[in-house]
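Enquirer: What follows is model-v8.txt; its format and atoms are compact mmCIF, C-alpha atoms.
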# COMPACT_ATOMS: atom_id res chain seq x y z
CA MET G 1 19.42 -31.31 39.27
CA LYS G 2 16.62 -30.74 36.79
CA VAL G 3 14.54 -27.58 36.85
CA THR G 4 12.15 -25.96 34.39
CA ILE G 5 12.81 -22.36 33.39
CA ASN G 6 10.03 -20.70 31.40
CA GLY G 7 8.75 -24.09 30.32
CA SER G 8 12.13 -25.47 29.15
CA PRO G 9 13.77 -28.31 31.09
CA ARG G 10 17.31 -27.45 32.20
CA GLU G 11 20.09 -29.21 34.08
CA VAL G 12 21.63 -26.87 36.67
CA PRO G 13 24.17 -27.44 39.46
CA ASP G 14 22.87 -28.19 42.96
CA GLY G 15 22.52 -24.98 44.95
CA THR G 16 21.73 -22.84 41.93
CA THR G 17 20.04 -19.67 43.11
CA VAL G 18 17.12 -17.80 41.58
CA ALA G 19 19.55 -15.00 40.63
CA GLN G 20 21.71 -17.49 38.69
CA ALA G 21 18.66 -18.94 36.97
CA VAL G 22 17.55 -15.49 35.86
CA ARG G 23 21.03 -14.75 34.47
CA ILE G 24 20.70 -17.74 32.14
CA LEU G 25 18.03 -15.71 30.32
CA THR G 26 18.93 -12.07 30.90
CA THR G 27 21.32 -9.69 32.57
CA ALA G 28 18.43 -7.35 33.34
CA THR G 29 17.38 -7.06 36.95
CA THR G 30 14.71 -4.39 36.52
CA GLY G 31 11.40 -4.92 34.78
CA VAL G 32 11.66 -8.63 35.52
CA ALA G 33 9.84 -10.77 38.08
CA VAL G 34 10.26 -14.37 39.13
CA ALA G 35 7.93 -17.02 40.45
CA VAL G 36 9.10 -20.42 41.67
CA ASN G 37 6.35 -23.02 41.83
CA ASP G 38 3.73 -20.26 41.48
CA GLU G 39 5.09 -18.18 44.37
CA VAL G 40 6.69 -14.78 43.75
CA VAL G 41 10.35 -14.52 44.78
CA THR G 42 11.06 -10.85 45.50
CA ARG G 43 14.18 -9.38 43.92
CA GLY G 44 15.88 -8.94 47.30
CA SER G 45 15.70 -12.71 47.82
CA TRP G 46 17.03 -13.85 44.44
CA ASP G 47 20.61 -14.31 45.72
CA THR G 48 19.61 -16.18 48.84
CA THR G 49 16.91 -18.44 47.39
CA ALA G 50 18.27 -21.78 46.21
CA LEU G 51 16.33 -23.85 43.73
CA GLY G 52 15.31 -27.40 44.47
CA ASP G 53 15.03 -30.40 42.15
CA SER G 54 11.99 -30.19 39.80
CA ASP G 55 11.32 -26.53 40.63
CA ARG G 56 9.35 -24.59 38.05
CA VAL G 57 10.86 -21.16 37.50
CA GLU G 58 8.95 -18.49 35.61
CA VAL G 59 10.78 -15.32 34.59
CA LEU G 60 8.36 -12.68 33.36
CA THR G 61 8.56 -9.20 31.93
CA ALA G 62 6.18 -6.65 30.43
CA VAL G 63 5.29 -6.96 26.75
CA GLN G 64 2.85 -5.25 24.40
CA GLY G 65 -0.68 -6.29 25.20
CA GLY G 66 -4.13 -5.27 26.31
CA MET F 1 -10.93 19.39 30.34
CA ASP F 2 -11.35 18.39 33.98
CA ASP F 3 -8.97 15.83 35.47
CA LEU F 4 -9.67 12.13 35.71
CA ILE F 5 -8.97 10.88 39.23
CA ILE F 6 -8.39 7.20 39.91
CA ALA F 7 -7.45 6.12 43.45
CA GLY F 8 -6.44 9.71 44.23
CA GLU F 9 -4.14 10.01 41.21
CA LYS F 10 -4.87 12.73 38.65
CA PHE F 11 -4.73 12.35 34.89
CA SER F 12 -5.38 15.19 32.48
CA SER F 13 -6.05 12.71 29.64
CA ARG F 14 -9.16 10.55 29.74
CA LEU F 15 -7.85 8.24 27.05
CA ILE F 16 -6.15 5.12 28.39
CA MET F 17 -4.25 3.20 25.75
CA GLY F 18 -3.43 -0.45 25.33
CA THR F 19 -0.30 -1.57 23.54
CA GLY F 20 -1.48 -4.79 21.88
CA GLY F 21 -1.52 -5.17 18.13
CA ALA F 22 1.03 -2.54 17.12
CA PRO F 23 3.26 -3.72 14.26
CA SER F 24 6.38 -2.24 15.88
CA LEU F 25 7.51 -0.29 18.91
CA GLU F 26 8.14 2.73 16.64
CA VAL F 27 4.54 2.74 15.41
CA LEU F 28 3.33 2.29 18.99
CA ASP F 29 5.52 5.16 20.18
CA GLN F 30 4.09 7.54 17.57
CA ALA F 31 0.53 6.45 18.33
CA LEU F 32 0.97 6.91 22.07
CA ALA F 33 2.40 10.37 21.51
CA ALA F 34 -0.50 11.36 19.26
CA SER F 35 -3.06 9.97 21.73
CA GLY F 36 -1.88 12.19 24.59
CA THR F 37 -2.41 9.25 26.96
CA GLU F 38 -0.92 9.28 30.45
CA LEU F 39 -1.81 5.70 31.40
CA THR F 40 -1.16 2.64 29.24
CA THR F 41 -1.56 -1.09 29.69
CA VAL F 42 1.06 -3.80 29.21
CA ALA F 43 0.82 -7.58 29.52
CA MET F 44 3.12 -9.89 31.51
CA ARG F 45 4.76 -12.74 29.61
CA ARG F 46 7.73 -15.08 29.82
CA LEU F 47 10.93 -13.19 29.14
CA ASP F 48 12.15 -13.72 25.59
CA PRO F 49 15.97 -13.37 25.53
CA SER F 50 15.88 -12.64 21.78
CA ALA F 51 13.42 -9.71 22.06
CA ARG F 52 14.87 -6.34 21.14
CA GLY F 53 13.57 -3.14 22.69
CA SER F 54 10.93 -3.03 25.37
CA VAL F 55 7.50 -1.50 25.60
CA LEU F 56 8.59 -0.30 29.04
CA ASP F 57 11.34 1.84 27.50
CA VAL F 58 8.75 3.47 25.22
CA LEU F 59 6.47 4.29 28.14
CA ARG F 60 9.34 5.53 30.30
CA ARG F 61 10.58 7.88 27.57
CA ARG F 62 7.09 9.31 27.16
CA GLY F 63 6.49 9.64 30.90
CA ILE F 64 3.40 7.41 30.66
CA LYS F 65 2.29 5.53 33.77
CA VAL F 66 2.29 1.78 33.22
CA LEU F 67 -0.85 -0.23 33.98
CA PRO F 68 -0.08 -3.96 33.96
CA ASN F 69 -2.92 -6.26 33.05
CA THR F 70 -3.62 -9.92 33.67
CA ALA F 71 -4.46 -10.69 30.06
CA GLY F 72 -4.33 -14.37 29.25
CA CYS F 73 -5.50 -15.51 32.69
CA PHE F 74 -8.47 -17.89 32.92
CA THR F 75 -8.66 -18.28 36.70
CA ALA F 76 -8.54 -16.04 39.75
CA GLY F 77 -5.41 -17.83 40.94
CA GLU F 78 -3.54 -17.13 37.70
CA ALA F 79 -4.63 -13.49 37.77
CA VAL F 80 -3.54 -12.96 41.37
CA LEU F 81 -0.09 -14.45 40.65
CA THR F 82 0.27 -12.37 37.48
CA ALA F 83 -0.67 -9.19 39.36
CA ARG F 84 1.90 -9.96 42.05
CA LEU F 85 4.58 -10.60 39.42
CA ALA F 86 3.68 -7.33 37.71
CA ARG F 87 3.95 -5.48 41.00
CA GLU F 88 7.39 -6.99 41.53
CA ALA F 89 8.61 -6.34 37.98
CA LEU F 90 7.15 -2.88 37.46
CA GLY F 91 6.98 -1.43 40.95
CA THR F 92 3.29 -0.55 40.74
CA ASN F 93 0.37 -1.86 42.78
CA TRP F 94 -2.08 -0.90 40.01
CA VAL F 95 -3.55 -3.71 37.97
CA LYS F 96 -6.10 -4.01 35.21
CA LEU F 97 -7.74 -7.25 36.26
CA GLU F 98 -8.72 -9.33 33.26
CA VAL F 99 -9.89 -12.92 33.64
CA ILE F 100 -11.35 -14.30 30.46
CA ALA F 101 -13.86 -17.11 30.11
CA ASP F 102 -12.80 -18.57 26.77
CA GLU F 103 -10.53 -17.80 23.84
CA ARG F 104 -13.24 -17.53 21.22
CA THR F 105 -15.12 -14.59 22.76
CA LEU F 106 -12.49 -13.34 25.24
CA LEU F 107 -15.45 -12.31 27.38
CA PRO F 108 -14.61 -11.71 31.04
CA ASP F 109 -15.49 -14.43 33.56
CA PRO F 110 -17.50 -12.65 36.27
CA ILE F 111 -17.04 -15.28 38.98
CA GLU F 112 -13.26 -15.57 38.64
CA THR F 113 -12.95 -11.80 38.23
CA PHE F 114 -14.83 -11.09 41.45
CA ASP F 115 -12.84 -13.70 43.35
CA ALA F 116 -9.54 -12.26 42.12
CA ALA F 117 -10.67 -8.69 42.83
CA GLU F 118 -11.40 -9.47 46.47
CA ARG F 119 -8.03 -11.16 46.91
CA LEU F 120 -6.09 -8.37 45.19
CA VAL F 121 -7.87 -5.59 47.13
CA ALA F 122 -7.00 -7.43 50.33
CA ASP F 123 -3.38 -7.60 49.16
CA GLY F 124 -3.23 -3.80 48.73
CA PHE F 125 -3.68 -3.54 44.97
CA VAL F 126 -5.44 -0.72 43.13
CA VAL F 127 -7.78 -2.94 41.11
CA LEU F 128 -9.40 -1.93 37.82
CA PRO F 129 -11.50 -4.90 36.72
CA TYR F 130 -12.51 -5.56 33.11
CA ILE F 131 -16.12 -6.78 33.13
CA GLY F 132 -19.17 -7.30 30.96
CA ASP F 133 -21.70 -4.47 30.75
CA ASP F 134 -23.37 -5.72 33.93
CA PRO F 135 -24.59 -3.05 36.36
CA ALA F 136 -25.01 -5.53 39.22
CA LEU F 137 -21.47 -6.87 38.93
CA ALA F 138 -20.08 -3.33 38.62
CA ARG F 139 -21.78 -2.39 41.89
CA ARG F 140 -20.51 -5.50 43.67
CA LEU F 141 -16.94 -4.85 42.51
CA GLU F 142 -17.11 -1.26 43.72
CA GLN F 143 -18.36 -2.51 47.10
CA ALA F 144 -15.45 -4.97 47.13
CA GLY F 145 -13.05 -2.03 46.97
CA CYS F 146 -12.13 -1.74 43.29
CA ALA F 147 -10.77 1.66 42.27
CA ALA F 148 -12.72 1.75 39.00
CA VAL F 149 -14.86 -0.52 36.86
CA MET F 150 -14.17 -1.22 33.21
CA PRO F 151 -17.23 -2.51 31.36
CA LEU F 152 -16.81 -3.59 27.76
CA GLY F 153 -18.56 -1.97 24.84
CA ALA F 154 -18.19 -5.14 22.75
CA PRO F 155 -15.75 -8.10 22.65
CA ILE F 156 -12.03 -7.32 22.61
CA GLY F 157 -10.74 -6.35 19.18
CA SER F 158 -14.21 -6.61 17.59
CA GLY F 159 -14.58 -2.92 16.79
CA LEU F 160 -18.35 -3.33 17.22
CA GLY F 161 -18.68 -0.20 19.35
CA ILE F 162 -21.02 -0.01 22.33
CA ARG F 163 -23.59 -2.79 21.96
CA ASN F 164 -25.63 -1.90 25.04
CA PRO F 165 -25.48 1.83 25.73
CA HIS F 166 -28.39 1.51 28.16
CA ASN F 167 -26.41 -0.78 30.48
CA ILE F 168 -23.39 1.52 30.31
CA GLU F 169 -25.65 4.38 31.42
CA LEU F 170 -26.99 2.27 34.28
CA ILE F 171 -23.45 1.47 35.42
CA VAL F 172 -22.49 5.15 35.24
CA GLU F 173 -25.58 6.27 37.19
CA ALA F 174 -24.85 3.93 40.08
CA ALA F 175 -21.06 4.14 40.20
CA GLY F 176 -19.11 6.01 42.84
CA VAL F 177 -15.80 5.07 41.20
CA PRO F 178 -14.65 5.95 37.68
CA VAL F 179 -16.26 3.99 34.86
CA ILE F 180 -13.83 3.24 32.05
CA LEU F 181 -15.28 1.93 28.80
CA ASP F 182 -12.95 -0.87 27.79
CA ALA F 183 -12.96 -2.99 24.63
CA GLY F 184 -15.04 -2.86 21.48
CA ILE F 185 -14.19 0.67 20.34
CA GLY F 186 -13.85 0.69 16.55
CA THR F 187 -13.59 4.33 15.63
CA ALA F 188 -13.71 7.84 17.05
CA SER F 189 -17.50 8.12 17.26
CA ASP F 190 -17.58 5.06 19.55
CA ALA F 191 -15.18 6.77 21.95
CA ALA F 192 -17.20 9.99 21.85
CA LEU F 193 -20.39 8.03 22.57
CA ALA F 194 -18.78 6.35 25.60
CA MET F 195 -17.98 9.76 27.05
CA GLU F 196 -21.43 11.15 26.17
CA LEU F 197 -22.98 8.23 28.07
CA GLY F 198 -21.07 9.46 31.12
CA CYS F 199 -18.03 7.22 31.20
CA ASP F 200 -15.05 8.82 32.92
CA ALA F 201 -12.50 7.46 30.48
CA VAL F 202 -12.02 5.13 27.52
CA LEU F 203 -9.47 2.34 27.14
CA LEU F 204 -8.67 1.15 23.64
CA ALA F 205 -5.85 -0.45 21.72
CA THR F 206 -6.78 -2.34 18.56
CA ALA F 207 -8.81 0.53 17.07
CA VAL F 208 -5.57 2.53 17.00
CA THR F 209 -2.82 -0.05 16.64
CA ARG F 210 -4.51 -1.88 13.74
CA ALA F 211 -5.81 1.24 11.97
CA GLN F 212 -4.30 1.99 8.56
CA ARG F 213 -2.65 5.03 10.14
CA PRO F 214 -2.31 4.42 13.90
CA ASP F 215 -0.98 7.90 14.66
CA LEU F 216 -3.93 9.57 12.90
CA MET F 217 -6.48 7.34 14.63
CA ALA F 218 -4.80 8.05 17.97
CA ALA F 219 -5.22 11.77 17.37
CA ALA F 220 -8.86 11.17 16.37
CA MET F 221 -9.49 9.22 19.59
CA ARG F 222 -7.90 11.96 21.66
CA SER F 223 -10.24 14.55 20.13
CA ALA F 224 -13.26 12.25 20.35
CA VAL F 225 -12.78 11.62 24.05
CA GLN F 226 -12.44 15.35 24.69
CA ALA F 227 -15.51 16.15 22.55
CA GLY F 228 -17.58 13.47 24.23
CA ARG F 229 -16.59 14.67 27.68
CA LEU F 230 -17.47 18.27 26.86
CA ALA F 231 -20.81 17.21 25.36
CA ARG F 232 -21.60 15.22 28.49
CA GLN F 233 -20.83 18.19 30.70
CA ALA F 234 -22.74 20.55 28.41
CA GLY F 235 -25.91 18.47 28.67
CA ARG F 236 -27.48 17.43 25.41
CA ILE F 237 -30.97 18.53 24.28
CA PRO F 238 -33.75 16.00 24.71
CA ARG F 239 -34.69 13.88 21.71
CA ARG F 240 -38.09 14.88 20.24
CA ARG F 241 -40.42 13.07 17.89
CA TYR F 242 -41.26 16.23 15.92
CA ALA F 243 -39.50 19.42 14.95
CA GLU F 244 -39.14 22.29 17.33
CA ALA F 245 -38.63 25.60 15.54
CA SER F 246 -35.49 27.44 16.47
CA SER F 247 -36.68 30.61 14.73
CA PRO F 248 -39.88 32.54 15.53
CA MET F 249 -42.79 31.09 13.49
CA THR F 250 -44.67 34.40 13.16
CA PRO F 251 -43.36 36.99 10.67
Since I need it in another form, could you write the structure as structure tokens?
Expert:
Amino acid sequence: MKVTINGSPREVPDGTTVAQAVRILTTATTGVAVAVNDEVVTRGSWDTTALGDSDRVEVLTAVQGG
Amino acid sequence: MDDLIIAGEKFSSRLIMGTGGAPSLEVLDQALAASGTELTTVAMRRLDPSARGSVLDVLRRRGIKVLPNTAGCFTAGEAVLTARLAREALGTNWVKLEVIADERTLLPDPIETFDAAERLVADGFVVLPYIGDDPALARRLEQAGCAAVMPLGAPIGSGLGIRNPHNIELIVEAAGVPVILDAGIGTASDAALAMELGCDAVLLATAVTRAQRPDLMAAAMRSAVQAGRLARQAGRIPRRRYAEASSPMTP
């Protein structure tokens, strides 16, 4: 299925979880937060939340700013 | 100097730092150390797998509390989502709420800011909203449950200082929560003036991070904030049109 991770289209296997999507970008699990279709997915739910076709995944972290 | 208290939390430094504009994490680290700050803002952005080092590591090593902001948001909805992501990523319910109206001025949008503030307060956040120098809006945000108000001195990064000291004084007079002068500071005298006007703290970034010598300017800001606070507490003499002799006039 096709999903978008941080604005880039990606082909991932059906049943891919949020945790697996995050691991495409980083091995870090702290200092990182995820939203799927503009809803926060808490870290405790990453392993149990499966992505659906066309989902928009945003993986954010803190950077210099403000 | 007396402690700054925001939402029941004590800070012995009244200088809040931003992290934007520093040429490297090393320069930022030295500037933060020289500033003596205990509270520092970060922005939330898409994770860049190629980025090396993290501003969070710098803050953690220095024992500085992290204050995530919602920089880059144009609507209340974006700001609320960003605050929730920051809470998840950083484990803090504090947020510097920043909703800008347009990219040219970066001035805060009062309508979107108020909307977001109400939603975030209801969601349990400690909300510190960045606003124009508007006494009426400051009062409304305090009534809405914000933990502080952060009026600007001048547009972000402009270094124009405090363009409307009178309004800052009006905000201070009416406020029951800390007033933090945010944005526009260009040099140390601007920070001192903010404190002399009665602000409880100053937030600045560019004035330090883009100075020729960021560590020196950070030290200057630290001293300026302390001097301004002391002067405020001391109570300045009234301004007079004519001289008033300080020595006896008769021989």
Enquirer: How many Å lie between atom CA of Val202 of chain F and atom CA of Ala224 of chain F, rounded to one decimal?
Expert: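 Atom CA of Ala224 of chain F lies at a distance of 10.2 Å from atom CA of Val202 of chain F.
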Enquirer: Would you please work out which residue, of G:Pro13, G:Asp55, G:Ile5, G:Thr49, is nearest to chain F when using only C-alpha atoms?
Expert: G:Ile5
Enquirer: Contacts between chain G and chain F, please, where a residue of chain F counts if it comes within 8 Å (with all atoms listed in the file); show its shortest atom pair and distance in Å to one decimal, rows by chain and ascending number, as JSON lines.
Expert:
{"residue": "F:Gly18", "atom": "CA", "partner": "G:Gly66", "partner_atom": "CA", "distance": 5.0}
{"residue": "F:Thr19", "atom": "CA", "partner": "G:Gln64", "partner_atom": "CA", "distance": 4.9}
{"residue": "F:Gly20", "atom": "CA", "partner": "G:Gly65", "partner_atom": "CA", "distance": 3.7}
{"residue": "F:Gly21", "atom": "CA", "partner": "G:Gly65", "partner_atom": "CA", "distance": 7.2}
{"residue": "F:Ala22", "atom": "CA", "partner": "G:Gln64", "partner_atom": "CA", "distance": 8.0}
{"residue": "F:Thr41", "atom": "CA", "partner": "G:Gly66", "partner_atom": "CA", "distance": 6.0}
{"residue": "F:Val42", "atom": "CA", "partner": "G:Gly65", "partner_atom": "CA", "distance": 5.0}
{"residue": "F:Ala43", "atom": "CA", "partner": "G:Gly65", "partner_atom": "CA", "distance": 4.8}
{"residue": "F:Met44", "atom": "CA", "partner": "G:Ala62", "partner_atom": "CA", "distance": 4.6}
{"residue": "F:Arg45", "atom": "CA", "partner": "G:Leu60", "partner_atom": "CA", "distance": 5.2}
{"residue": "F:Arg46", "atom": "CA", "partner": "G:Leu60", "partner_atom": "CA", "distance": 4.3}
{"residue": "F:Leu47", "atom": "CA", "partner": "G:Leu60", "partner_atom": "CA", "distance": 5.0}
{"residue": "F:Asp48", "atom": "CA", "partner": "G:Leu25", "partner_atom": "CA", "distance": 7.8}
{"residue": "F:Pro49", "atom": "CA", "partner": "G:Leu25", "partner_atom": "CA", "distance": 5.7}
{"residue": "F:Ser54", "atom": "CA", "partner": "G:Val63", "partner_atom": "CA", "distance": 7.0}
{"residue": "F:Val55", "atom": "CA", "partner": "G:Val63", "partner_atom": "CA", "distance": 6.0}
{"residue": "F:Leu56", "atom": "CA", "partner": "G:Ala62", "partner_atom": "CA", "distance": 6.9}
{"residue": "F:Pro68", "atom": "CA", "partner": "G:Ala62", "partner_atom": "CA", "distance": 7.7}
{"residue": "F:Asn69", "atom": "CA", "partner": "G:Gly66", "partner_atom": "CA", "distance": 6.9}
{"residue": "F:Ala71", "atom": "CA", "partner": "G:Gly66", "partner_atom": "CA", "distance": 6.6}
{"residue": "F:Leu81", "atom": "CA", "partner": "G:Asp38", "partner_atom": "CA", "distance": 7.0}
{"residue": "F:Arg84", "atom": "CA", "partner": "G:Val40", "partner_atom": "CA", "distance": 7.0}
{"residue": "F:Leu85", "atom": "CA", "partner": "G:Ala33", "partner_atom": "CA", "distance": 5.4}
{"residue": "F:Ala86", "atom": "CA", "partner": "G:Ala33", "partner_atom": "CA", "distance": 7.1}
{"residue": "F:Glu88", "atom": "CA", "partner": "G:Ala33", "partner_atom": "CA", "distance": 5.7}
{"residue": "F:Ala89", "atom": "CA", "partner": "G:Gly31", "partner_atom": "CA", "distance": 4.5}
{"residue": "F:Leu90", "atom": "CA", "partner": "G:Gly31", "partner_atom": "CA", "distance": 5.4}
{"residue": "F:Ala205", "atom": "CA", "partner": "G:Gly66", "partner_atom": "CA", "distance": 6.9}
Enquirer: Do you have the atom CA of Thr187 of chain F-atom CA of Ala34 of chain F distance handy?
Expert: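 For atom CA of Thr187 of chain F relative to atom CA of Ala34 of chain F, the distance reads 15.3 Å.
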Enquirer: Excluding Arg139 of chain F and its own-chain neighbours fewer than 2 positions away, which residues fall within 12 Å of it when counting all atoms listed in the file? Please give them as a ChimeraX atom specification.
Expert: /F:114,129,131,133-137,141-151,170-179
Enquirer: Just the selected residues (C-alpha atoms), exported as a short mmCIF file (atom, residue, chain, number, x, y, z; two decimals), in the coordinates of the input, please.
Expert:
data_model
loop_
_atom_site.label_atom_id
_atom_site.label_comp_id
_atom_site.auth_asym_id
_atom_site.auth_seq_id
_atom_site.Cartn_x
_atom_site.Cartn_y
_atom_site.Cartn_z
CA PHE F 114 -14.83 -11.09 41.45
CA PRO F 129 -11.50 -4.90 36.72
CA ILE F 131 -16.12 -6.78 33.13
CA ASP F 133 -21.70 -4.47 30.75
CA ASP F 134 -23.37 -5.72 33.93
CA PRO F 135 -24.59 -3.05 36.36
CA ALA F 136 -25.01 -5.53 39.22
CA LEU F 137 -21.47 -6.87 38.93
CA LEU F 141 -16.94 -4.85 42.51
CA GLU F 142 -17.11 -1.26 43.72
CA GLN F 143 -18.36 -2.51 47.10
CA ALA F 144 -15.45 -4.97 47.13
CA GLY F 145 -13.05 -2.03 46.97
CA CYS F 146 -12.13 -1.74 43.29
CA ALA F 147 -10.77 1.66 42.27
CA ALA F 148 -12.72 1.75 39.00
CA VAL F 149 -14.86 -0.52 36.86
CA MET F 150 -14.17 -1.22 33.21
CA PRO F 151 -17.23 -2.51 31.36
CA LEU F 170 -26.99 2.27 34.28
CA ILE F 171 -23.45 1.47 35.42
CA VAL F 172 -22.49 5.15 35.24
CA GLU F 173 -25.58 6.27 37.19
CA ALA F 174 -24.85 3.93 40.08
CA ALA F 175 -21.06 4.14 40.20
CA GLY F 176 -19.11 6.01 42.84
CA VAL F 177 -15.80 5.07 41.20
CA PRO F 178 -14.65 5.95 37.68
CA VAL F 179 -16.26 3.99 34.86
#
Enquirer: Separation of atom CA of Pro165 of chain F and atom CA of Gly184 of chain F, in Å?
Expert: 12.2 Å
Enquirer: List every protein, DNA or RNA residue that has at least one atom no more than 10 Å from (-19.6, 15.9, 28.2) in the file's coordinates, counting only C-alpha atoms, and write the result as a PDB file with C-alpha atoms, in the coordinates of the input.
Expert:
ATOM      1  CA  MET F   1     -10.930  19.390  30.340  1.00  0.00           C
ATOM      2  CA  ALA F 192     -17.200   9.990  21.850  1.00  0.00           C
ATOM      3  CA  LEU F 193     -20.390   8.030  22.570  1.00  0.00           C
ATOM      4  CA  ALA F 194     -18.780   6.350  25.600  1.00  0.00           C
ATOM      5  CA  MET F 195     -17.980   9.760  27.050  1.00  0.00           C
ATOM      6  CA  GLU F 196     -21.430  11.150  26.170  1.00  0.00           C
ATOM      7  CA  LEU F 197     -22.980   8.230  28.070  1.00  0.00           C
ATOM      8  CA  GLY F 198     -21.070   9.460  31.120  1.00  0.00           C
ATOM      9  CA  CYS F 199     -18.030   7.220  31.200  1.00  0.00           C
ATOM     10  CA  ASP F 200     -15.050   8.820  32.920  1.00  0.00           C
ATOM     11  CA  VAL F 225     -12.780  11.620  24.050  1.00  0.00           C
ATOM     12  CA  GLN F 226     -12.440  15.350  24.690  1.00  0.00           C
ATOM     13  CA  ALA F 227     -15.510  16.150  22.550  1.00  0.00           C
ATOM     14  CA  GLY F 228     -17.580  13.470  24.230  1.00  0.00           C
ATOM     15  CA  ARG F 229     -16.590  14.670  27.680  1.00  0.00           C
ATOM     16  CA  LEU F 230     -17.470  18.270  26.860  1.00  0.00           C
ATOM     17  CA  ALA F 231     -20.810  17.210  25.360  1.00  0.00           C
ATOM     18  CA  ARG F 232     -21.600  15.220  28.490  1.00  0.00           C
ATOM     19  CA  GLN F 233     -20.830  18.190  30.700  1.00  0.00           C
ATOM     20  CA  ALA F 234     -22.740  20.550  28.410  1.00  0.00           C
ATOM     21  CA  GLY F 235     -25.910  18.470  28.670  1.00  0.00           C
ATOM     22  CA  ARG F 236     -27.480  17.430  25.410  1.00  0.00           C
TER      23      ARG F 236
END
Enquirer: Do you know which residues are at most 8 Å from Asp109 of chain F counting only C-alpha atoms, after dropping those on the same chain fewer than 5 positions away, and could you put them as number ranges by chain?
Expert: F: 74, 99-101, 131
Enquirer: Quick one: segment 7-12 of chain G with all heavy atoms, as a tab-separated table (two decimals), in the first residue's frame?
Expert:
chain	number	residue	atom	x	y	z
G	7	GLY	N	5.99	13.64	4.17
G	7	GLY	CA	5.83	14.28	2.88
G	7	GLY	C	6.30	13.45	1.69
G	7	GLY	O	6.03	13.82	0.55
G	8	SER	N	7.02	12.34	1.94
G	8	SER	CA	7.52	11.51	0.84
G	8	SER	C	6.62	10.29	0.65
G	8	SER	O	6.36	9.57	1.61
G	8	SER	CB	8.94	11.02	1.13
G	8	SER	OG	9.80	12.11	1.35
G	9	PRO	N	6.19	10.05	-0.60
G	9	PRO	CA	5.38	8.85	-0.85
G	9	PRO	C	6.23	7.59	-0.68
G	9	PRO	O	7.40	7.57	-1.10
G	9	PRO	CB	4.93	9.01	-2.31
G	9	PRO	CG	5.62	10.20	-2.85
G	9	PRO	CD	6.45	10.83	-1.80
G	10	ARG	N	5.67	6.57	-0.03
G	10	ARG	CA	6.41	5.32	0.17
G	10	ARG	C	5.47	4.14	-0.02
G	10	ARG	O	4.30	4.20	0.33
G	10	ARG	CB	7.01	5.24	1.57
G	10	ARG	CG	8.20	6.17	1.78
G	10	ARG	CD	8.78	5.98	3.17
G	10	ARG	NE	9.80	6.98	3.44
G	10	ARG	CZ	11.10	6.80	3.27
G	10	ARG	NH1	11.56	5.63	2.81
G	10	ARG	NH2	11.96	7.76	3.55
G	11	GLU	N	6.03	3.06	-0.56
G	11	GLU	CA	5.30	1.80	-0.70
G	11	GLU	C	5.69	0.92	0.49
G	11	GLU	O	6.88	0.66	0.70
G	11	GLU	CB	5.71	1.12	-2.02
G	11	GLU	CG	4.94	-0.13	-2.37
G	11	GLU	CD	3.50	0.15	-2.80
G	11	GLU	OE1	3.27	1.18	-3.45
G	11	GLU	OE2	2.61	-0.67	-2.44
G	12	VAL	N	4.71	0.53	1.30
G	12	VAL	CA	5.02	-0.32	2.47
G	12	VAL	C	4.08	-1.52	2.45
G	12	VAL	O	3.00	-1.47	1.85
G	12	VAL	CB	4.85	0.45	3.80
G	12	VAL	CG1	5.85	1.60	3.91
G	12	VAL	CG2	3.42	0.96	3.97
